[in-house]
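Raw work-v8.txt, compact mmCIF, C-alpha atoms:
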# COMPACT_ATOMS: atom_id res chain seq x y z
CA MET A 1 146.12 90.25 61.02
CA LEU A 2 142.75 91.20 62.44
CA ASN A 3 140.08 88.63 63.07
CA ASN A 4 136.68 88.74 64.72
CA GLU A 5 137.97 87.76 68.12
CA VAL A 6 137.00 90.06 70.99
CA ILE A 7 139.90 91.34 73.10
CA ARG A 8 138.76 91.09 76.71
CA ILE A 9 140.52 93.37 79.16
CA ASP A 10 139.69 92.99 82.83
CA ARG A 11 142.95 94.36 84.22
CA LEU A 12 145.51 96.79 82.91
CA PRO A 13 148.78 95.24 81.71
CA VAL A 14 152.28 95.85 82.98
CA VAL A 15 153.94 97.36 79.94
CA GLN A 16 156.68 95.20 78.44
CA PRO A 17 158.61 97.12 75.78
CA LEU A 18 158.79 95.08 72.60
CA ASN A 19 159.67 96.02 69.05
CA ASN A 20 157.61 96.14 65.90
CA GLN A 21 154.21 96.04 67.55
CA GLU A 22 151.36 97.77 65.80
CA GLU A 23 150.08 100.84 67.66
CA ASP A 24 146.32 100.84 68.08
CA SER A 25 143.97 103.11 70.06
CA LEU A 26 140.73 102.92 71.94
CA ILE A 27 139.16 106.29 71.20
CA LEU A 28 137.18 107.87 74.03
CA GLU A 29 135.30 111.07 74.62
CA TRP A 30 136.64 113.11 77.57
CA TYR A 31 133.67 112.11 79.73
CA GLU A 32 134.16 108.36 79.28
CA VAL A 33 137.35 107.97 81.33
CA ASN A 34 135.51 106.66 84.40
CA ARG A 35 133.44 104.07 82.52
CA THR A 36 133.87 100.55 83.89
CA ILE A 37 132.55 98.67 80.86
CA ILE A 38 133.32 99.66 77.28
CA LYS A 39 132.61 97.44 74.28
CA ARG A 40 133.89 99.19 71.21
CA GLU A 41 136.06 98.78 68.15
CA SER A 42 139.58 100.14 68.33
CA ALA A 43 140.83 102.59 65.70
CA ALA A 44 142.25 99.67 63.72
CA GLY A 45 139.04 97.66 64.00
CA ARG A 46 139.78 95.27 66.87
CA MET A 47 136.72 94.52 68.97
CA ILE A 48 137.51 95.45 72.57
CA HIS A 49 135.64 94.50 75.72
CA LEU A 50 137.08 96.60 78.54
CA ASP A 51 135.91 95.71 82.04
CA LYS A 52 137.93 97.61 84.60
CA PRO A 53 137.59 98.46 88.30
CA SER A 54 135.85 101.77 88.98
CA SER A 55 138.99 103.10 90.72
CA ALA A 56 141.09 102.89 87.54
CA VAL A 57 140.88 106.06 85.43
CA LEU A 58 141.65 105.95 81.72
CA LYS A 59 144.29 108.54 80.87
CA GLN A 60 145.66 109.64 77.52
CA GLY A 61 148.28 107.18 76.27
CA LEU A 62 147.55 104.53 78.91
CA VAL A 63 148.30 101.04 77.61
CA ILE A 64 145.24 98.86 78.13
CA TYR A 65 146.39 95.84 76.16
CA GLN A 66 149.62 94.45 74.80
CA ASP A 67 150.70 91.28 73.03
CA GLU A 68 153.39 90.39 70.49
CA ILE A 69 151.34 91.92 67.68
CA CYS A 70 149.88 95.14 69.04
CA VAL A 71 149.79 97.74 71.79
CA ILE A 72 146.42 99.35 72.46
CA ARG A 73 146.44 102.76 74.11
CA ILE A 74 143.77 105.16 75.26
CA PHE A 75 143.18 108.14 73.00
CA ILE A 76 140.99 110.93 74.42
CA LYS A 77 139.38 113.08 71.73
CA PRO A 78 139.90 116.84 72.13
CA CYS A 79 136.72 118.84 72.66
CA THR A 80 135.52 122.43 72.80
CA CYS A 81 136.36 123.92 76.19
CA MET A 82 135.55 127.04 78.15
CA VAL A 83 138.94 128.41 79.13
CA LEU A 84 139.73 130.95 81.82
CA GLN A 85 143.09 132.61 81.32
CA SER A 86 144.08 134.81 84.22
CA SER A 87 146.90 135.38 86.68
CA ASN A 88 144.41 137.00 89.08
CA MET A 89 144.05 134.33 91.76
CA GLU A 90 140.84 135.86 93.11
CA MET A 91 139.21 135.52 89.69
CA VAL A 92 140.52 131.96 89.32
CA GLY A 93 139.17 131.11 92.77
CA LEU A 94 135.73 132.58 92.03
CA PHE A 95 135.60 130.78 88.69
CA CYS A 96 136.49 127.45 90.34
CA PHE A 97 133.84 128.11 93.00
CA ASP A 98 131.15 128.78 90.38
CA VAL A 99 132.07 125.75 88.30
CA GLY A 100 132.73 123.54 91.32
CA ASN A 101 129.25 124.29 92.62
CA ARG A 102 127.99 122.49 89.53
CA HIS A 103 130.18 119.48 90.40
CA LEU A 104 132.08 119.83 87.14
CA PRO A 105 135.72 118.75 86.84
CA ILE A 106 138.18 121.59 86.23
CA TYR A 107 141.33 120.96 84.22
CA MET A 108 144.63 122.77 84.61
CA ILE A 109 145.78 123.32 81.02
CA ASP A 110 148.87 125.34 81.94
CA ASP A 111 150.02 127.73 84.69
CA HIS A 112 147.50 130.47 83.93
CA LYS A 113 144.83 128.51 82.09
CA ILE A 114 142.03 126.37 83.43
CA ALA A 115 139.39 124.69 81.34
CA ILE A 116 136.06 122.89 81.54
CA ALA A 117 134.08 121.25 78.79
CA TYR A 118 131.82 123.56 76.78
CA ASP A 119 128.22 123.77 77.90
CA GLY A 120 125.84 125.93 75.86
CA ARG A 121 123.98 127.17 78.94
CA LEU A 122 126.95 127.75 81.22
CA PHE A 123 129.18 129.56 78.71
CA PRO A 124 127.09 132.78 78.42
CA ALA A 125 126.77 132.95 82.21
CA LEU A 126 130.53 132.61 82.70
CA GLN A 127 131.29 135.06 79.93
CA GLN A 128 128.91 137.60 81.44
CA LYS A 129 130.62 137.28 84.82
CA TYR A 130 134.27 136.96 83.78
CA GLY A 131 134.20 138.84 80.45
CA ALA A 132 136.97 138.35 77.90
CA SER A 133 138.97 136.19 80.33
CA VAL A 134 136.69 133.31 79.34
CA THR A 135 137.11 132.05 75.78
CA LEU A 136 136.42 128.90 73.80
CA ALA A 137 139.16 126.63 72.43
CA ASN A 138 139.77 122.98 71.63
CA TYR A 139 141.76 121.00 74.19
CA ARG A 140 142.17 117.40 75.23
CA LEU A 141 140.77 117.07 78.76
CA ASP A 142 142.98 114.46 80.38
CA PRO A 143 142.09 113.21 83.89
CA SER A 144 145.71 113.80 84.95
CA GLN A 145 145.01 117.57 84.60
CA ILE A 146 141.97 117.61 86.89
CA ILE A 147 142.29 119.96 89.86
CA ASN A 148 141.65 117.84 92.93
CA CYS A 149 141.60 119.95 96.07
CA TYR A 150 141.60 116.96 98.43
CA GLY A 151 144.46 115.35 96.53
CA ASN A 152 146.41 118.58 96.70
CA ILE A 153 145.85 118.85 100.46
CA TYR A 154 146.91 115.22 100.89
CA GLU A 155 150.09 115.74 98.89
CA GLN A 156 150.82 118.91 100.82
CA ASN A 157 150.57 117.00 104.13
CA ILE A 158 152.95 114.34 102.90
CA LYS A 159 155.46 117.01 101.87
CA THR A 160 155.11 118.79 105.23
CA LYS A 161 155.72 115.55 107.14
CA LYS A 162 158.93 114.91 105.20
CA MET B 1 123.24 118.54 89.38
CA HIS B 2 120.45 115.96 89.72
CA GLU B 3 122.08 113.32 87.60
CA ILE B 4 121.40 110.40 89.95
CA ALA B 5 117.69 111.22 89.68
CA ILE B 6 118.02 111.35 85.88
CA VAL B 7 119.72 107.94 85.81
CA LYS B 8 117.02 106.47 88.07
CA ASP B 9 114.39 107.98 85.75
CA ILE B 10 116.05 106.34 82.76
CA PHE B 11 115.81 102.91 84.41
CA LYS B 12 112.25 103.61 85.55
CA THR B 13 111.27 104.55 82.00
CA LEU B 14 112.86 101.39 80.64
CA GLU B 15 111.18 99.26 83.30
CA GLN B 16 107.81 100.70 82.28
CA ALA B 17 108.54 100.21 78.59
CA TYR B 18 110.02 96.70 78.90
CA PRO B 19 108.67 95.20 82.16
CA GLU B 20 109.59 91.62 81.18
CA THR B 21 113.05 92.17 79.80
CA TYR B 22 114.49 95.37 81.21
CA GLU B 23 116.89 93.53 83.50
CA ASN B 24 118.49 92.05 80.37
CA ILE B 25 119.53 95.38 78.92
CA ALA B 26 123.10 95.25 77.62
CA LYS B 27 123.49 98.83 76.48
CA ILE B 28 121.65 102.13 76.76
CA THR B 29 122.49 105.04 74.49
CA ILE B 30 121.55 108.56 75.56
CA GLU B 31 121.59 111.59 73.31
CA ALA B 32 122.39 114.81 75.14
CA GLY B 33 122.37 118.19 73.42
CA LEU B 34 124.95 120.83 74.30
CA LEU B 35 122.10 123.06 75.50
CA CYS B 36 120.35 120.44 77.63
CA ASN B 37 121.92 121.74 80.83
CA VAL B 38 123.24 118.31 81.80
CA GLN B 39 126.95 117.57 81.64
CA PRO B 40 127.72 114.12 80.18
CA ILE B 41 130.43 113.33 82.73
CA LEU B 42 127.97 113.79 85.59
CA ILE B 43 125.45 111.42 83.96
CA GLN B 44 128.22 108.91 83.26
CA ASN B 45 129.53 109.09 86.85
CA ALA B 46 126.00 108.90 88.27
CA PHE B 47 125.39 105.79 86.16
CA GLU B 48 128.56 104.14 87.48
CA ALA B 49 127.46 104.91 91.05
CA PHE B 50 123.98 103.54 90.32
CA VAL B 51 125.20 100.18 88.92
CA LEU B 52 127.57 99.83 91.85
CA GLU B 53 124.48 99.66 94.09
CA GLU B 54 122.16 97.97 91.61
CA THR B 55 124.47 95.07 90.85
CA ARG B 56 121.94 93.38 88.55
CA PHE B 57 122.87 96.11 86.04
CA ARG B 58 126.62 95.63 86.57
CA GLU B 59 127.03 94.40 82.96
CA THR B 60 124.96 97.20 81.45
CA GLU B 61 126.75 99.85 79.41
CA LEU B 62 125.76 103.48 79.16
CA GLU B 63 126.94 105.43 76.16
CA ILE B 64 126.31 109.16 75.80
CA GLU B 65 126.29 110.85 72.43
CA LEU B 66 126.68 114.61 72.56
CA LEU B 67 124.51 116.39 70.05
CA PRO B 68 125.86 119.62 68.55
CA ILE B 69 123.70 122.74 68.49
CA ILE B 70 121.87 123.16 65.19
CA ALA B 71 120.05 126.41 64.41
CA TYR B 72 117.78 127.48 61.57
CA CYS B 73 118.55 130.43 59.31
CA LYS B 74 115.43 132.17 57.98
CA GLN B 75 117.46 133.96 55.32
CA CYS B 76 118.88 130.77 53.78
CA THR B 77 115.94 128.58 54.90
CA SER B 78 118.51 126.01 55.98
CA GLN B 79 120.10 124.67 59.12
CA PHE B 80 123.63 125.33 60.36
CA GLU B 81 125.81 124.00 63.17
CA VAL B 82 126.59 126.42 65.96
CA ARG B 83 130.34 126.18 66.53
CA PHE B 84 132.16 127.97 69.34
CA HIS B 85 128.84 129.41 70.51
CA LYS B 86 128.44 131.53 67.36
CA PHE B 87 124.75 131.57 66.52
CA VAL B 88 125.48 133.06 63.10
CA CYS B 89 124.83 131.39 59.75
CA VAL B 90 127.53 131.31 57.04
CA CYS B 91 125.44 133.99 55.24
CA GLY B 92 126.06 136.31 58.22
CA GLN B 93 122.51 136.21 59.55
CA PRO B 94 122.27 135.68 63.32
CA SER B 95 119.71 133.16 64.53
CA ASP B 96 118.56 131.86 67.89
CA GLN B 97 116.05 129.43 66.39
CA ILE B 98 117.29 126.16 67.86
CA VAL B 99 116.59 122.99 65.87
CA GLN B 100 118.78 120.64 67.91
CA GLY B 101 120.75 120.84 71.14
CA GLU B 102 118.17 120.91 73.92
CA GLU B 103 117.39 117.18 73.87
CA LEU B 104 118.12 114.63 76.56
CA ARG B 105 116.65 111.33 75.44
CA ILE B 106 117.14 107.60 75.28
CA SER B 107 118.04 106.93 71.67
CA GLN B 108 118.82 103.20 71.70
CA VAL B 109 118.41 100.18 73.96
CA ILE B 110 120.19 96.91 73.22
CA PHE B 111 119.21 93.70 75.00
CA LYS B 112 121.44 90.74 75.78
CA ASP B 113 121.19 87.83 73.32
Full structure transcribed into structure tokens:
Amino acid sequence: MLNNEVIRIDRLPVVQPLNNQEEDSLILEWYEVNRTIIKRESAAGRMIHLDKPSSAVLKQGLVIYQDEICVIRIFIKPCTCMVLQSSNMEMVGLFCFDVGNRHLPIYMIDDHKIAIAYDGRLFPALQQKYGASVTLANYRLDPSQIINCYGNIYEQNIKTKK
Amino acid sequence: MHEIAIVKDIFKTLEQAYPETYENIAKITIEAGLLCNVQPILIQNAFEAFVLEETRFRETELEIELLPIIAYCKQCTSQFEVRFHKFVCVCGQPSDQIVQGEELRISQVIFKD
């Protein structure tokens, strides 16, 4: 049963699988995943006070709270995205360069699809440059899909050393 | 790409508006239109970097509300939401008369009890 008590979360729990817990969600916009403090009602109406370290990123489905009664997970709302679909690596590289110059995160949706959040000023410019390869569609932008060139280089080095 | 400057401006504006109490701000809400040329994630990240340095605002929350693009149709004399960058009213009339979407403004400030 819900009451007016605030659920304070200052560290993320180690998930303990239990049965019959109610599933609840903290609903976020795609751009809120790096927020350190969030005070908001969950989908089921629980008042949540999330206070996390800046290094922890909130990903889709991440459990942020668990007790005998409920499990609270992160739910990232889908949003309108500008999507580049191409197997032409030169085009993909140029697109990433243009978008990266604006410091915007780029998300790998699948093997030949990358996406960034819709921006009313940027979309016409990208469409003019890349033509029909750039379209609009709704996607969930999850931080686990972000292209991170430094991370990729780091992982590559680890693999090479092995 | 100048989001740190925007965040500093927000705090400067609030300091000028509330010189006695601005350090007791619990939550700032910003409205950002989809045509304002500022990406919400960059403002949010710039804010997190700012409060990391300005620890007196460590407990302050920043919430960004994205405003959809609203245009005006002369034919219907009514407003419509621009979805998927289609600046066309349901009646079929194109319109570039923007009513909403270019704003970047502080919409709400909540102080600690």
### Message
From the options A:Arg140, A:Lys52, A:Lys129, A:His112, which residue's atoms come nearest to chain B, counting all atoms listed in the file?
### Response
A:Lys52
#### Entry: Residues near B:Cys73, cut-off 9 Å, all atoms listed in the file, skip fewer than 2 positions along chain, as number ranges by chain
B: 71, 75-80, 88-89, 91, 93-97
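When only C-alpha atoms are used to compute distances to A:Ile38, the closest of the residues B:Glu61, B:Glu20, B:Ile43, B:Ile6 turns out to be B:Glu61.
When only C-alpha atoms are used to compute distances to chain B, the closest of the residues A:Ile76, A:Ile116, A:Leu94, A:Val63 turns out to be A:Ile116.
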If you take every atom of stretch 39-56 of chain B that the file lists and fit an axis-aligned box around them with 3 Å extra on each side, what centre and edge lengths come out in Å to one decimal, as JSON?
{"center_x": 126.2, "center_y": 105.5, "center_z": 87.1, "size_x": 14.5, "size_y": 30.2, "size_z": 19.9}
### Task
List the neighbours of A:Asn34 out to 7 Å using all atoms listed in the file; skip same-chain residues closer than 5 positions along the sequence, and give me the result as a PyMOL selection string.
(chain A and resi 54+57-58) or (chain B and resi 45)
### Message
Give me the residues near stretch 29-31 of chain B as a PyMOL selection string, where near means some atom within 9 Å (using all atoms listed in the file) and where sequence neighbours in that chain fewer than 6 positions away do not count.
### Response
chain B and resi 61-67+103-110
Output C-alpha atoms of each residue in that selection to a file, as a CSV table (one decimal), in the frame of the given file.
chain,number,residue,atom,x,y,z
B,61,GLU,CA,126.8,99.8,79.4
B,62,LEU,CA,125.8,103.5,79.2
B,63,GLU,CA,126.9,105.4,76.2
B,64,ILE,CA,126.3,109.2,75.8
B,65,GLU,CA,126.3,110.8,72.4
B,66,LEU,CA,126.7,114.6,72.6
B,67,LEU,CA,124.5,116.4,70.0
B,103,GLU,CA,117.4,117.2,73.9
B,104,LEU,CA,118.1,114.6,76.6
B,105,ARG,CA,116.6,111.3,75.4
B,106,ILE,CA,117.1,107.6,75.3
B,107,SER,CA,118.0,106.9,71.7
B,108,GLN,CA,118.8,103.2,71.7
B,109,VAL,CA,118.4,100.2,74.0
B,110,ILE,CA,120.2,96.9,73.2
### Query
Between atom CA of A:Gln66 and atom CA of A:Met47, what is the distance, to one decimal in Å?
14.2 Å
### Task
Report as a PyMOL selection string the set of chain B residues whose atoms approach chain A to within 12 Å, with distances computed over all atoms listed in the file.
chain B and resi 1-3+26-28+32-49+51-52+57-70+82-87+98+100-102
### Message
Using all atoms listed in the file, which protein or nucleic acid residues come within 6 Å of A:Val71? Drop anything in the same chain fewer than 6 positions from it, and give the result as a ChimeraX atom specification.
### Response
/A:23-24,65
### Query
Rounded to one decimal in Å, what is the spacing between atom CA of A:Leu12 and atom CA of B:Glu53?
24.0 Å
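Each of B:Tyr72, B:Val90, B:Glu81, B:Glu54 was checked against B:Lys8 using all atoms listed in the file; the smallest atom-to-atom distance is that of B:Glu54.
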### Task
List the neighbours of A:Ala44 out to 12 Å using only C-alpha atoms; skip same-chain residues closer than 3 positions along the sequence, and give me the result as JSON, numbers by chain.
{"A": [1, 2, 3, 22, 23, 24, 25, 26, 27, 40, 41, 47, 48, 70, 71, 72, 73]}
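Computed from the coordinates, the atom CA of A:Tyr107 to atom CA of A:Tyr139 distance equals 10.0 Å.
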Would it be fine to have stretch 57-79 of chain B, with N, CA and C atoms, given as a CSV table (one decimal), in the first residue's frame?
chain,number,residue,atom,x,y,z
B,57,PHE,N,25.2,24.8,-4.3
B,57,PHE,CA,24.0,24.5,-5.1
B,57,PHE,C,23.9,23.0,-5.3
B,58,ARG,N,24.7,22.2,-4.5
B,58,ARG,CA,24.7,20.7,-4.7
B,58,ARG,C,23.3,20.1,-4.6
B,59,GLU,N,22.4,20.7,-3.7
B,59,GLU,CA,21.1,20.1,-3.5
B,59,GLU,C,20.1,20.7,-4.5
B,60,THR,N,20.5,21.6,-5.3
B,60,THR,CA,19.5,22.2,-6.3
B,60,THR,C,19.3,21.3,-7.4
B,61,GLU,N,18.0,21.2,-7.8
B,61,GLU,CA,17.6,20.4,-9.0
B,61,GLU,C,17.4,21.3,-10.2
B,62,LEU,N,17.7,20.8,-11.3
B,62,LEU,CA,17.3,21.4,-12.6
B,62,LEU,C,16.5,20.5,-13.4
B,63,GLU,N,15.3,21.0,-13.8
B,63,GLU,CA,14.4,20.2,-14.6
B,63,GLU,C,14.2,20.9,-15.9
B,64,ILE,N,14.3,20.2,-17.0
B,64,ILE,CA,14.1,20.9,-18.3
B,64,ILE,C,12.8,20.3,-18.9
B,65,GLU,N,11.9,21.2,-19.3
B,65,GLU,CA,10.7,20.8,-20.0
B,65,GLU,C,10.9,21.2,-21.5
B,66,LEU,N,10.8,20.2,-22.4
B,66,LEU,CA,10.9,20.5,-23.8
B,66,LEU,C,9.5,21.0,-24.3
B,67,LEU,N,9.5,22.1,-25.0
B,67,LEU,CA,8.3,22.6,-25.5
B,67,LEU,C,8.2,22.2,-27.0
B,68,PRO,N,7.1,21.6,-27.4
B,68,PRO,CA,6.9,21.2,-28.8
B,68,PRO,C,6.8,22.5,-29.7
B,69,ILE,N,6.9,22.3,-31.0
B,69,ILE,CA,6.8,23.5,-31.9
B,69,ILE,C,5.3,23.6,-32.2
B,70,ILE,N,4.8,24.8,-32.0
B,70,ILE,CA,3.4,25.2,-32.3
B,70,ILE,C,3.4,26.2,-33.4
B,71,ALA,N,2.6,26.0,-34.4
B,71,ALA,CA,2.6,27.0,-35.5
B,71,ALA,C,1.1,27.5,-35.7
B,72,TYR,N,1.0,28.6,-36.4
B,72,TYR,CA,-0.4,29.2,-36.6
B,72,TYR,C,-0.8,29.0,-38.0
B,73,CYS,N,-2.0,28.6,-38.2
B,73,CYS,CA,-2.6,28.4,-39.6
B,73,CYS,C,-3.5,29.5,-39.9
B,74,LYS,N,-3.2,30.3,-40.9
B,74,LYS,CA,-4.0,31.5,-41.2
B,74,LYS,C,-5.4,31.0,-41.8
B,75,GLN,N,-5.3,29.9,-42.5
B,75,GLN,CA,-6.6,29.4,-43.1
B,75,GLN,C,-7.6,29.0,-42.0
B,76,CYS,N,-7.2,28.3,-41.0
B,76,CYS,CA,-8.1,27.8,-40.0
B,76,CYS,C,-8.2,28.8,-38.8
B,77,THR,N,-7.3,29.8,-38.8
B,77,THR,CA,-7.1,30.8,-37.7
B,77,THR,C,-7.0,30.0,-36.4
B,78,SER,N,-6.2,28.9,-36.4
B,78,SER,CA,-5.9,28.2,-35.2
B,78,SER,C,-4.5,27.7,-35.2
B,79,GLN,N,-4.1,27.2,-34.0
B,79,GLN,CA,-2.7,26.7,-33.8
B,79,GLN,C,-2.7,25.2,-34.0
